[in-house]
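J.: I'd like to ask you about the structure that follows.
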Number of protein chains: 2
Amino acid sequence: MIDILIAEDNKEICGLITDFLRAENYVVSSADTGEKALSLYEKYGARLVLLDINLPDTDGFSICEKLRRNDNVPIIIITARTDRDDKLNGILLGADDYIEKPFDIEILIAKIKGIFKRRLARDIISDGDILLNISDGTVTKNGIQTELSAKEFELLKILMQNKGQTLTKEFLFNRIWGSDSESEIQTLTVHIKYLREKIENDPKAPQKIITVWGKGYRWA
Amino acid sequence: MIDILIAEDNKEICGLITDFLRAENYVVSSADTGEKALSLYEKYGARLVLLDINLPDTDGFSICEKLRRNDNVPIIIITARTDRDDKLNGILLGADDYIEKPFDIEILIAKIKGIFKRRLARDIISDGDILLNISDGTVTKNGIQTELSAKEFELLKILMQNKGQTLTKEFLFNRIWGSDSESEIQTLTVHIKYLREKIENDPKAPQKIITVWGKGYRWA
DNA sequence: GAAAATTATTAAGAAGTCATTAAGTTTAAA
DNA sequence: TTTAAACTTAATGACTTCTTAATAATTTTC
C-alpha cells in the first residue's frame with residue numbers, strides 16, 4: 001500500500017514533494033498523468049492522494065470522482081490561484097483539503113499529517129474496553145482481538161457511532177439489512193444477543209448495549 | 001559485493017567521496033566511465049550506485065536503465081544544477097535520490113544511510129518465527145529455509161507487508177494475478193492452503209494467516 | 001397480580017463461504 | 001524430450017453466519 005500517491009505533471013514540484021515526504025518516512029509513488037495515477041491506485045491502493053487539478057490528460061475532476069467511488073480515500077488538491085472558477089470551488093468543497101501553488105512544502109506536510117490524524121480519530125472509535133477500527137474492520141476488547149461477523153460489526157459500529165442515543169429497531173434494521181430486505185426484524189434481536197455475548201462482560205446483565213423498552217437499543 | 005559503486009569522472013570529487021565513505025566502513029569501488037562502472041557492477045554487484053549523470057562515454061540515462069533492468073539496486077544521481085531538463089527530471093523521478101553539485105559530503109552520506117535503512121526495513125520483514133527476505137526471495141521459519149513457490153511468496157509478502165490489515169480476496173488476487181487475469185479467484189484459496197501448510201505450525205488451526213469471514217485474509 | 005406487550009433465549013436448519021482433495025494443465029528445468 | 005514442479009480447476013466436505021420459529025423471561029398496563 002502506498003502512503004501518499006502524487007498526481008502531478010510538473011516533475012520538479014513532484015520530485016520536491018517526494019523527497020520531503022520520503023524524509024518523513026512515507027511510502028510515496030507518483031504519476032505525471034491522471035491515467036497513470038489511477039492505475040497505480042488500482043494496483044496498490046493509497047492512504048492519501050495529492051492531486052494536481054490541472055493534469056495533461058484527464059481533468060482532475062473525473063479522477064476525483066473515480067477515487068471517491070470505491071473507497072473514501074482522502075484527497076488534497078493542488079491548484080493554481082488563477083484556476084479558480086465555480087467548478088473548481090465545487091470540487092474543493094468535497095476535497096479534504098487543498099493547497100495553492102506556489103506553496104510552502106512545510107505547510108503541505110502539516111496538512112497531510114493533519115488529515116492522517118483526523119482520519120485516524122474518525123475511523124477508530126474507542127469506548128471503555130472496546131476499540132472498534134472501521135478501516136480494517138477489527139474490534140478489540142481489553143486489547144484482545146474479537147472476531148465479529150459482518151452483521152455484528154455493522155451493528156456495533158452504528159451503536160458506537162451514536163453513543164448515548166437510542167436507536168429504534170427499525171432504524172437499525174434498515175441501516176444494516178436495507179429497507180427492502182425480506183428478513184424479519186426479529187433477526188435483529190438475535191444479532192443483538194450474539195453481539196452481547198461477544199462484547200459484554202456479563203451478557204446476562206448488559207452494561208454496554210442497553211435495551212430501551214418499546215423503542216430500541218442504546219450504546220451506554 | 002561492493003557496498004557503494006561510484007561512477008564519477010572527476011577524480012577529485014571521486015576520491016573525496018571514496019575517502020569519506022571508507023571512513024564509514026563501506027566497501028567502495030569507483031569507475032570514471034559508464035562502461036567501467038557497468039562492468040564492475042556485473043562482476044561484483046553493488047548495494048548502492050552513486051552515478052554522475054554526465055559521464056564522458058555513455059550517458060547516465062542508459063546506465064540507469066541497465067542497472068535497473070535486472071536488480072532493483074538503489075541509485076543516487078549526481079547532477080549539476082545547470083543540467084536540468086525534462087529528460088533528467090524523468091530519471092530523477094525514478095531514482096531513489098539525487099544530489100546537486102556542489103554538494104556537502106555530509107548530506108550525501110546522510111542520504112546513503114537513509115537509503116540503506118529504508119531498503120533494509122522494507123526488504124526484510126520479520127514476524128514471529130517467519131523471516132521474509134524480499135531482496136533475495138527467501139523465507140525462513142525458525143531459521144530454517146522454506147521453499148515457497150512464486151505465488152506463495154508473493155502472497156506471503158503482501159500479507160506480511162500489511163500486517164494486521166484484512167485484505168480482501170479481490171485485492172490479493174489483483175495484486176498477484178493482475179486484474180486482467182483469467183484465473184478464478186478460487187485459485188487464491190488453494191494457494192492460501194499451500195502457504196499455510198508451509199508456514200503455520202498447525203495448518204489445521206492457522207495462527208498467522210487468519211481467515212476473515214466474508215472479507216479475506218489477515219496476517220495476525 | 002394478571003394479562004398484554006415486548007424482548008431474550010434457544011435450537012434447528014438454510015444459506016453462504018471457505019478448506020480440502022485430487023486430477024488435469026501448464027510451465028520450467030534437466 | 002522427458003521429468004518434475006507449479007499452477008489451475010472443479011467437486012466435495014466442513015464450517016460459519018444468518019434466519020426462522022418456538023418458548024421463556026421480562027416489563028408494562030390495567
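Identifiers in the C-alpha cells: chain A, B, ... in order shown; residue index from 1 per chain; ligand index from 1 in order shown.
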For chain A against chain D, which residues fall within 10 Å using only C-alpha atoms (C1' of nucleotides), given as an MDAnalysis selection string?
T.: chainID A and resid 149:151 183:184 186:187 190:191 213:214
J.: Show me, as an MDAnalysis selection string, every residue of chain B with an atom at most 12 Å from chain C, counting only C-alpha atoms (C1' of nucleotides).
T.: chainID B and resid 169 186 188:194 196:197 203:206 210:217
J.: Just list the residues in chain B DSSP gives strand (DSSP E) on the backbone, as a ChimeraX atom specification.
T.: /B:2-7,28-31,46-52,75-80,97-101,124-127,130-133,138-141,144-146,166-168,209-212,216-219
J.: Since we have the selection now, will you write its residues out, keeping C-alpha atoms, as an mmCIF file, in the first residue's frame?
T.:
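New file result.cif:
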data_model
loop_
_atom_site.group_PDB
_atom_site.id
_atom_site.type_symbol
_atom_site.label_atom_id
_atom_site.label_comp_id
_atom_site.auth_asym_id
_atom_site.auth_seq_id
_atom_site.Cartn_x
_atom_site.Cartn_y
_atom_site.Cartn_z
ATOM 1 C CA ILE B 2 30.676 -3.766 -3.334
ATOM 2 C CA ASP B 3 28.751 -1.623 -0.881
ATOM 3 C CA ILE B 4 28.902 1.550 -2.898
ATOM 4 C CA LEU B 5 29.877 1.820 -6.534
ATOM 5 C CA ILE B 6 30.797 5.329 -7.659
ATOM 6 C CA ALA B 7 30.610 6.332 -11.307
ATOM 7 C CA VAL B 28 33.797 1.364 -2.088
ATOM 8 C CA SER B 29 34.779 0.956 -5.731
ATOM 9 C CA SER B 30 34.798 3.592 -8.398
ATOM 10 C CA ALA B 31 34.929 3.973 -12.155
ATOM 11 C CA ALA B 46 26.724 -3.434 -5.570
ATOM 12 C CA ARG B 47 24.355 -2.444 -2.836
ATOM 13 C CA LEU B 48 24.094 1.143 -3.996
ATOM 14 C CA VAL B 49 25.273 3.109 -7.020
ATOM 15 C CA LEU B 50 26.349 6.743 -6.957
ATOM 16 C CA LEU B 51 26.032 7.866 -10.532
ATOM 17 C CA ASP B 52 27.152 11.095 -12.142
ATOM 18 C CA ILE B 75 20.777 4.736 -7.365
ATOM 19 C CA ILE B 76 21.712 8.198 -6.191
ATOM 20 C CA ILE B 77 22.232 10.539 -9.096
ATOM 21 C CA ILE B 78 24.827 13.301 -9.032
ATOM 22 C CA THR B 79 23.881 16.209 -11.205
ATOM 23 C CA ALA B 80 24.825 19.801 -11.853
ATOM 24 C CA ASP B 97 17.577 10.131 -4.537
ATOM 25 C CA TYR B 98 19.747 12.762 -6.196
ATOM 26 C CA ILE B 99 22.185 15.429 -5.195
ATOM 27 C CA GLU B 100 23.358 18.574 -6.943
ATOM 28 C CA LYS B 101 26.959 19.633 -7.401
ATOM 29 C CA ILE B 124 13.440 -7.796 5.257
ATOM 30 C CA ILE B 125 10.274 -8.443 7.149
ATOM 31 C CA SER B 126 10.403 -10.488 10.281
ATOM 32 C CA ASP B 127 7.476 -11.583 12.370
ATOM 33 C CA ILE B 130 8.929 -16.190 9.974
ATOM 34 C CA LEU B 131 11.578 -14.122 8.228
ATOM 35 C CA LEU B 132 10.942 -12.965 4.713
ATOM 36 C CA ASN B 133 13.722 -11.525 2.585
ATOM 37 C CA THR B 138 13.954 -16.372 0.586
ATOM 38 C CA VAL B 139 11.837 -17.298 3.569
ATOM 39 C CA THR B 140 12.966 -18.893 6.775
ATOM 40 C CA LYS B 141 10.915 -20.382 9.575
ATOM 41 C CA ILE B 144 15.291 -22.960 8.557
ATOM 42 C CA GLN B 145 14.900 -22.105 4.922
ATOM 43 C CA THR B 146 11.483 -22.861 3.487
ATOM 44 C CA THR B 166 -7.599 -7.519 6.429
ATOM 45 C CA LEU B 167 -7.001 -7.794 2.715
ATOM 46 C CA THR B 168 -9.935 -8.759 0.578
ATOM 47 C CA ILE B 209 -2.892 -16.274 8.150
ATOM 48 C CA ILE B 210 -6.279 -15.577 9.634
ATOM 49 C CA THR B 211 -9.454 -16.040 7.647
ATOM 50 C CA VAL B 212 -11.767 -13.059 7.954
ATOM 51 C CA GLY B 216 -10.497 -12.073 3.069
ATOM 52 C CA TYR B 217 -7.346 -12.814 4.994
ATOM 53 C CA ARG B 218 -5.185 -11.084 7.544
ATOM 54 C CA TRP B 219 -1.625 -11.546 8.758
#
J.: Would you kindly report the residues of chain A within 10 Å of chain B, using only C-alpha atoms, as a PyMOL selection string?
T.: chain A and resi 1+10-12+14-16+18-19+22-23+25+27+29-32+42-45+135-138+145+147-150
J.: Write to file, as a PDB file, in the first residue's frame, the residues of the selection just made, with C-alpha atoms.
T.:
ATOM      1  CA  MET A   1       0.000   0.000   0.000  1.00  0.00           C
ATOM      2  CA  ASN A  10       5.495  19.152 -13.087  1.00  0.00           C
ATOM      3  CA  LYS A  11       8.500  16.938 -12.462  1.00  0.00           C
ATOM      4  CA  GLU A  12      10.304  19.458 -10.332  1.00  0.00           C
ATOM      5  CA  CYS A  14       6.755  16.332  -7.855  1.00  0.00           C
ATOM      6  CA  GLY A  15      10.342  15.430  -7.045  1.00  0.00           C
ATOM      7  CA  LEU A  16      10.490  18.040  -4.352  1.00  0.00           C
ATOM      8  CA  THR A  18       8.522  13.213  -2.956  1.00  0.00           C
ATOM      9  CA  ASP A  19      11.839  14.000  -1.314  1.00  0.00           C
ATOM     10  CA  ARG A  22      10.157  10.280   1.987  1.00  0.00           C
ATOM     11  CA  ALA A  23      12.244  12.080   4.559  1.00  0.00           C
ATOM     12  CA  ASN A  25       9.179   8.058   6.116  1.00  0.00           C
ATOM     13  CA  VAL A  27       5.949   5.442   1.106  1.00  0.00           C
ATOM     14  CA  SER A  29       4.649   6.996  -5.513  1.00  0.00           C
ATOM     15  CA  SER A  30       3.943   9.480  -8.227  1.00  0.00           C
ATOM     16  CA  ALA A  31       2.445   9.734 -11.666  1.00  0.00           C
ATOM     17  CA  ASP A  32       2.518  12.512 -14.212  1.00  0.00           C
ATOM     18  CA  GLU A  42      -5.937   0.369  -8.518  1.00  0.00           C
ATOM     19  CA  LYS A  43      -2.800  -1.710  -8.338  1.00  0.00           C
ATOM     20  CA  TYR A  44      -1.515  -0.730  -4.936  1.00  0.00           C
ATOM     21  CA  GLY A  45      -4.080   1.407  -3.181  1.00  0.00           C
ATOM     22  CA  SER A 135     -10.756   0.996   8.416  1.00  0.00           C
ATOM     23  CA  ASP A 136      -9.583  -2.552   8.914  1.00  0.00           C
ATOM     24  CA  GLY A 137     -12.771  -3.941  10.374  1.00  0.00           C
ATOM     25  CA  THR A 138     -11.350  -5.169  13.636  1.00  0.00           C
ATOM     26  CA  GLN A 145      -8.995  -9.101  19.176  1.00  0.00           C
ATOM     27  CA  GLU A 147     -13.934 -11.759  15.815  1.00  0.00           C
ATOM     28  CA  LEU A 148     -17.304 -10.327  14.877  1.00  0.00           C
ATOM     29  CA  SER A 149     -19.424 -11.381  11.968  1.00  0.00           C
ATOM     30  CA  ALA A 150     -20.336  -8.827   9.309  1.00  0.00           C
TER      31      ALA A 150
END
